[in-house]
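Read the structure below first, then the notes.
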Amino acid sequence: LAAGLDLVHGLDSGAGLVSVAGLGSVAGEFLRELAKIVGPDHVLTAPDLRAGYEVDWTGRFRGAARAVVRPASTTQVADIVRLCAETGIGLVPQGGNTGLVAGAVPEGGAIVLSTRRLRDIGAVDPISAQVTVGAGVTIARVQELASEAGFAFGVDLASRDSATVGGTIATNAGGTHVLRHGSMGRQVAGLGAVLADGSVVNRTSGLPKDGAGYDLPALIVGSEGTLAVITEARLRLVPRLRRRAAAWIAVESVGAAVELAVELRQGLESLNALEYLDDAAVSLAAARHGPRPIERQSDATVLVEVAANRDPTPELVDALSAATGVLDAVIASDEVSIRRLWAFREGVAEAISAEGIPHKLDVAVPLDRLATFEDGIKRIVRERGSAAEQPWLVVFGHLAEGNLHVDVLGVDPDDAAIDDAILQLVVDLGGSVSAEHGIGRAKRRWLTRARDAADYGAMLAIKRALDPKGILNPGAMFPG
Ligand SMILES: Cc1cc2nc3c(=O)[nH]c(=O)nc-3n(C[C@H](O)[C@H](O)[C@H](O)COP(=O)(O)OP(=O)(O)OC[C@H]3O[C@@H](n4cnc5c(N)ncnc54)[C@H](O)[C@@H]3O)c2cc1C
């Protein structure tokens with residue numbers, strides 16, 4: 001097997017891996033048809049051109065694509081999907097390829113349909129406070145557009161420069177401002193999408209109320225490319241708040257962090273973000289991004305951001321002075337210092353990757369069980385330790401939602417036993433095996449365990465009704 005095409009780490013079967021060399025004449029005809037739709041320059045078949053589309057951000061998951069196709073319009077997407085439906089060839093929608101559950105990693109002889117050229121941008125409508133953009137527009141660009149028009153965008157995440165509107169809708173991405181504005185789905189006022197037979201659904205009127213029939217956009221939110229290819233979205237904008245402040249707070253434990261979060265949520269009207277980092281996360285970020293914001297080492301750190309039209313610093317100081325469990329804190333009230341704190345927090349994912357290929361588990365646990373969960377994962381990792389292997393943990397995430405990113409380093413990327421033990425603990429504690437990254441291929445074995453039979457059956461029935469030939473993202477969420 002050719003290098004780079006042979007491994008699909010951690011997927012539950014090796015079925016469907018494809019050698020791209022030696023495509024038969026039917027496949028050749030298929031590629032020629034694709035080239036007629038998008039032009040030959042936008043059908044990538046050479047291994048070096050495909051390579052970046054075949055591996056996920058972590059490097060843990062790899063697949064093989066028959067080709068990568070890069071349409072520039074909804075019509076081209078519709079033609080590609082129709083061709084795939086006629087030939088029975090699967091297609092994997094891919095935006096910025098920053099997903100962390102192998103949802104955009106091709107398998108089973110599928111093509112990758114890259115949405116990055118779907119970059120149309122409409123004018124911001126100040127009356128409705130909405131804008132229509134192509135699925136390939138990045139979140140950073142939407143934030144800029146909103147800001148230029150005197151608004152803000154409700155979603156922010158560290159992958160903003162690459163993550164696309166289509167990808168964030170398809171995963172219902174969360175990020176750091178969920179506690180104030182909700183996840184990506186809440187920002188969607190409408191969308192345009194291509195269904196599995198190549199037909200186009202357009203619901204981009206942006207009407208605040210529209211109860212005519214099923215809410216198809218809501219169904220497509222979080223569907224991870226398994227029900228439709230999103231080509232454009234009508235997005236809600238939120239008011240731009242002129243001032244913000246942040247605090248980096250050392251606390252004794254995750255339990256203390258939860259207590260602090262509860263107190264701040266009750267008392268701080270301007271609360272914008274509440275993030276959690278364990279000591280390993282702070283130490284790794286410090287090694288890459290300079291000295292710790294607080295010299296004192298503590299088992300747990302909370303990053304709080306507040307935003308308002310008037311300087312919210314006094315409100316933040318008052319709230320922290322009254323709060324229990326604060327060991328030490330620094331407050332940033334100017335933009336440079338605030339950005340420095342965020343760069344530190346957002347640098348954690350890259351700092352982890354610099355240590356090796358992590359097992360990344362994005363989970364949510366009820367806040368009152370977060371401390372029990374952390375004890376449990378430490379025990380699981382300790383028990384896995386042996387003379388040959390010394391796994392270690394880095395934990396950080398979005399505290400307000402009990403959403404932790406559990407990263408295990410020092411374990412073979414193909415060995416899913418530790419993932420299973422941690423996800424079982426999440427289920428036992430009444431949590432979710434996926435808080436904001438989705439199911440993708442990495443967690444598909446877990447969907448049946450995380451949802452009861454009726455729930456899973458309803459999801460499968462929807463998939464089969466809307467994609468009877470199984471061409472949309474085969475192998476994501478459900479076995480291919
Ligand atoms: C450093 C870093 C920080 C991150 N922080 C966060 C965070 O705070 N919160 C969070 O939720 N996520 C986070 N992520 C994960 C990731 O950025 C999100 O999952 C994001 O939504 C993926 O967008 P994308 O455009 O890269 O999608 P991709 O990775 O390309 O695809 C993700 C899924 O969406 C599907 N898809 C993509 N485009 C379309 C489309 N147009 N139509 C239909 N399906 C489509 C794909 O098939 C795949 O299943 C982070 C990732 C990194 C690397």
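Note on naming: chains are A, B, ... as they come in the structure tokens, residues start from 1 per chain, ligands start from 1 in the order shown.
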Check: How would you write, as a PyMOL selection string, the set of residues in stretch 60-253 of chain A that DSSP gives as helix (DSSP H, G or I)?
Finding: chain A and resi 74-87+139-148+165-170+178-181+184-187+216-220
Hey, could you make a per-residue contact list for chain A against ligand 1 with 7 Å as the cut-off, showing the nearest pair of atoms and its distance in Å to one decimal, counting only C-alpha atoms and all ligand atoms, sorted by chain and number, as CSV?
residue,atom,partner,partner_atom_place_in_ligand_line,distance
A:Trp57,CA,ligand 1,53 (C),6.0
A:Val92,CA,ligand 1,47 (O),5.3
A:Pro93,CA,ligand 1,47 (O),4.1
A:Gln94,CA,ligand 1,30 (O),3.8
A:Gly95,CA,ligand 1,30 (O),3.4
A:Gly96,CA,ligand 1,26 (O),3.4
A:Asn97,CA,ligand 1,29 (O),3.3
A:Thr98,CA,ligand 1,26 (O),3.6
A:Gly99,CA,ligand 1,29 (O),3.3
A:Leu100,CA,ligand 1,15 (C),5.5
A:Gly103,CA,ligand 1,49 (O),3.6
A:Ala104,CA,ligand 1,48 (C),4.1
A:Thr115,CA,ligand 1,41 (N),5.8
A:Ala135,CA,ligand 1,41 (N),5.1
A:Gly136,CA,ligand 1,41 (N),6.8
A:Leu157,CA,ligand 1,8 (O),4.3
A:Ala158,CA,ligand 1,3 (C),4.4
A:Ser159,CA,ligand 1,2 (C),4.4
A:Ser162,CA,ligand 1,26 (O),6.1
A:Ala163,CA,ligand 1,25 (O),3.7
A:Thr164,CA,ligand 1,25 (O),3.6
A:Val165,CA,ligand 1,25 (O),6.4
A:Gly166,CA,ligand 1,41 (N),3.7
A:Gly167,CA,ligand 1,37 (C),3.5
A:Thr168,CA,ligand 1,21 (O),3.2
A:Ile169,CA,ligand 1,21 (O),6.7
A:Ala170,CA,ligand 1,34 (O),4.6
A:Thr171,CA,ligand 1,21 (O),5.2
A:Asn172,CA,ligand 1,21 (O),6.6
A:Ala173,CA,ligand 1,11 (O),3.3
A:Gly174,CA,ligand 1,11 (O),3.9
A:Gly175,CA,ligand 1,8 (O),3.4
A:Thr176,CA,ligand 1,8 (O),6.0
A:Glu224,CA,ligand 1,49 (O),3.9
A:Gly225,CA,ligand 1,44 (N),3.3
A:Ala228,CA,ligand 1,43 (C),5.8
A:Val229,CA,ligand 1,42 (N),3.7
A:Ile230,CA,ligand 1,42 (N),3.7
A:Thr231,CA,ligand 1,41 (N),5.5
A:Glu346,CA,ligand 1,1 (C),7.0
A:Ala349,CA,ligand 1,1 (C),5.3
A:Glu350,CA,ligand 1,1 (C),6.5
A:Glu436,CA,ligand 1,11 (O),4.3
A:His437,CA,ligand 1,19 (O),4.8
A:Gly440,CA,ligand 1,49 (O),5.7
A:Asn473,CA,ligand 1,47 (O),6.1
A:Ala476,CA,ligand 1,49 (O),6.8
Item checked: Shell of 9 Å around A:Phe151, only C-alpha atoms, local chain residues under 6 positions omitted, as a PyMOL selection string -> chain A and resi 126+129+143+145+237-241
Take the residues that were just selected and, keeping N, CA, C and O atoms, output them as a PDB file, in the first residue's frame.
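Below is the file again_39.pdb, written as the result:
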ATOM      1  N   PRO A 126     -28.386  45.538   7.766  1.00  0.00           N
ATOM      2  CA  PRO A 126     -28.486  46.071   9.131  1.00  0.00           C
ATOM      3  C   PRO A 126     -29.897  45.983   9.697  1.00  0.00           C
ATOM      4  O   PRO A 126     -30.085  46.024  10.912  1.00  0.00           O
ATOM      5  N   ALA A 129     -30.104  42.408  10.730  1.00  0.00           N
ATOM      6  CA  ALA A 129     -28.850  42.005  11.388  1.00  0.00           C
ATOM      7  C   ALA A 129     -28.464  40.594  10.941  1.00  0.00           C
ATOM      8  O   ALA A 129     -28.233  39.690  11.757  1.00  0.00           O
ATOM      9  N   GLN A 143     -16.505  37.111  11.157  1.00  0.00           N
ATOM     10  CA  GLN A 143     -16.305  38.039  12.280  1.00  0.00           C
ATOM     11  C   GLN A 143     -15.896  39.414  11.767  1.00  0.00           C
ATOM     12  O   GLN A 143     -16.384  40.442  12.253  1.00  0.00           O
ATOM     13  N   LEU A 145     -16.519  40.698   8.750  1.00  0.00           N
ATOM     14  CA  LEU A 145     -17.667  41.316   8.057  1.00  0.00           C
ATOM     15  C   LEU A 145     -18.619  41.937   9.060  1.00  0.00           C
ATOM     16  O   LEU A 145     -19.101  43.062   8.884  1.00  0.00           O
ATOM     17  N   LEU A 237     -26.378  38.061  13.208  1.00  0.00           N
ATOM     18  CA  LEU A 237     -25.289  38.782  13.858  1.00  0.00           C
ATOM     19  C   LEU A 237     -25.777  39.264  15.214  1.00  0.00           C
ATOM     20  O   LEU A 237     -26.987  39.337  15.458  1.00  0.00           O
ATOM     21  N   VAL A 238     -24.861  39.565  16.096  1.00  0.00           N
ATOM     22  CA  VAL A 238     -25.236  40.005  17.448  1.00  0.00           C
ATOM     23  C   VAL A 238     -24.661  41.413  17.669  1.00  0.00           C
ATOM     24  O   VAL A 238     -23.771  41.847  16.935  1.00  0.00           O
ATOM     25  N   PRO A 239     -25.147  42.123  18.692  1.00  0.00           N
ATOM     26  CA  PRO A 239     -24.607  43.468  18.933  1.00  0.00           C
ATOM     27  C   PRO A 239     -23.112  43.408  19.259  1.00  0.00           C
ATOM     28  O   PRO A 239     -22.652  42.477  19.912  1.00  0.00           O
ATOM     29  N   ARG A 240     -22.382  44.417  18.765  1.00  0.00           N
ATOM     30  CA  ARG A 240     -20.949  44.473  19.099  1.00  0.00           C
ATOM     31  C   ARG A 240     -20.797  45.248  20.406  1.00  0.00           C
ATOM     32  O   ARG A 240     -21.230  46.402  20.500  1.00  0.00           O
ATOM     33  N   LEU A 241     -20.202  44.614  21.379  1.00  0.00           N
ATOM     34  CA  LEU A 241     -19.996  45.281  22.670  1.00  0.00           C
ATOM     35  C   LEU A 241     -18.619  45.932  22.646  1.00  0.00           C
ATOM     36  O   LEU A 241     -17.646  45.337  22.194  1.00  0.00           O
TER      37      LEU A 241
END
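Each of A:Gly182, A:Gly192, A:Arg296, A:Thr132 was compared to A:Arg234 using only C-alpha atoms, and A:Thr132 turns out to be the nearest.
Nearest-residue note for A:Val317: choosing from A:Ala245, A:Arg369, A:Asp375, A:Glu275, the minimum distance belongs to A:Ala245, counting only C-alpha atoms.
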Next item on the list: Determine, counting only C-alpha atoms, which protein, DNA and RNA residues have an atom within 7 Å of an atom of A:His359; residues of the same chain fewer than 5 positions away are not included. Present the result as a PyMOL selection string.
Entry: chain A and resi 407-409+413
Take the residues just selected and output them with C-alpha atoms as a PDB file, in the first residue's frame.
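Result went into again.pdb, see below:
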ATOM      1  CA  ASP A 407      -6.364  14.665  25.501  1.00  0.00           C
ATOM      2  CA  VAL A 408      -4.401  11.494  26.219  1.00  0.00           C
ATOM      3  CA  LEU A 409      -0.795  11.437  25.091  1.00  0.00           C
ATOM      4  CA  PRO A 413      -2.882   6.123  17.952  1.00  0.00           C
TER       5      PRO A 413
END
Item checked: A:Leu31 surroundings by only C-alpha atoms, 12 Å radius, close-in-sequence under 3 positions cut, as a VMD selection string -> chain A and resid 23 to 28 34 to 45 66 to 69 80 83 to 84 87 89 111
Check: What lies within 8 Å of A:Ala351 using only C-alpha atoms, ignoring chain neighbours under 5 positions off, as a PyMOL selection string?
Finding: chain A and resi 284-285+288
Note to self: For stretch 260-262 of chain A, find every residue with an atom within 9 Å (counting only C-alpha atoms), except residues of its own chain fewer than 3 positions away, and show them as a list of chain:residue names.
What the structure shows: A:Val251, A:Gly255, A:Ala256, A:Ala257, A:Arg265, A:Gln266, A:Gly267, A:Leu274, A:Val302, A:Val304, A:Leu320, A:Ala323, A:Thr324, A:Gly325, A:Val326, A:Leu399, A:Ala400
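Between atom CA of A:Pro474 and atom CA of A:Val194 the separation is 16.0 Å.
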Next item on the list: Step one, run DSSP on the backbone; step two, keep only residues of stretch 70-301 of chain A assigned to strand (DSSP E or B); then write them as a VMD selection string.
Entry: chain A and resid 91 to 94 111 to 114 121 125 130 to 134 138 151 to 152 164 188 to 194 200 to 203 229 to 236 238 to 239 243 to 251 271 to 278 300 to 301
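Closest approach to A:Asp318 among A:Val131, A:Ile331, A:Leu361, A:Ala65 is made by A:Ile331 (distances from only C-alpha atoms).
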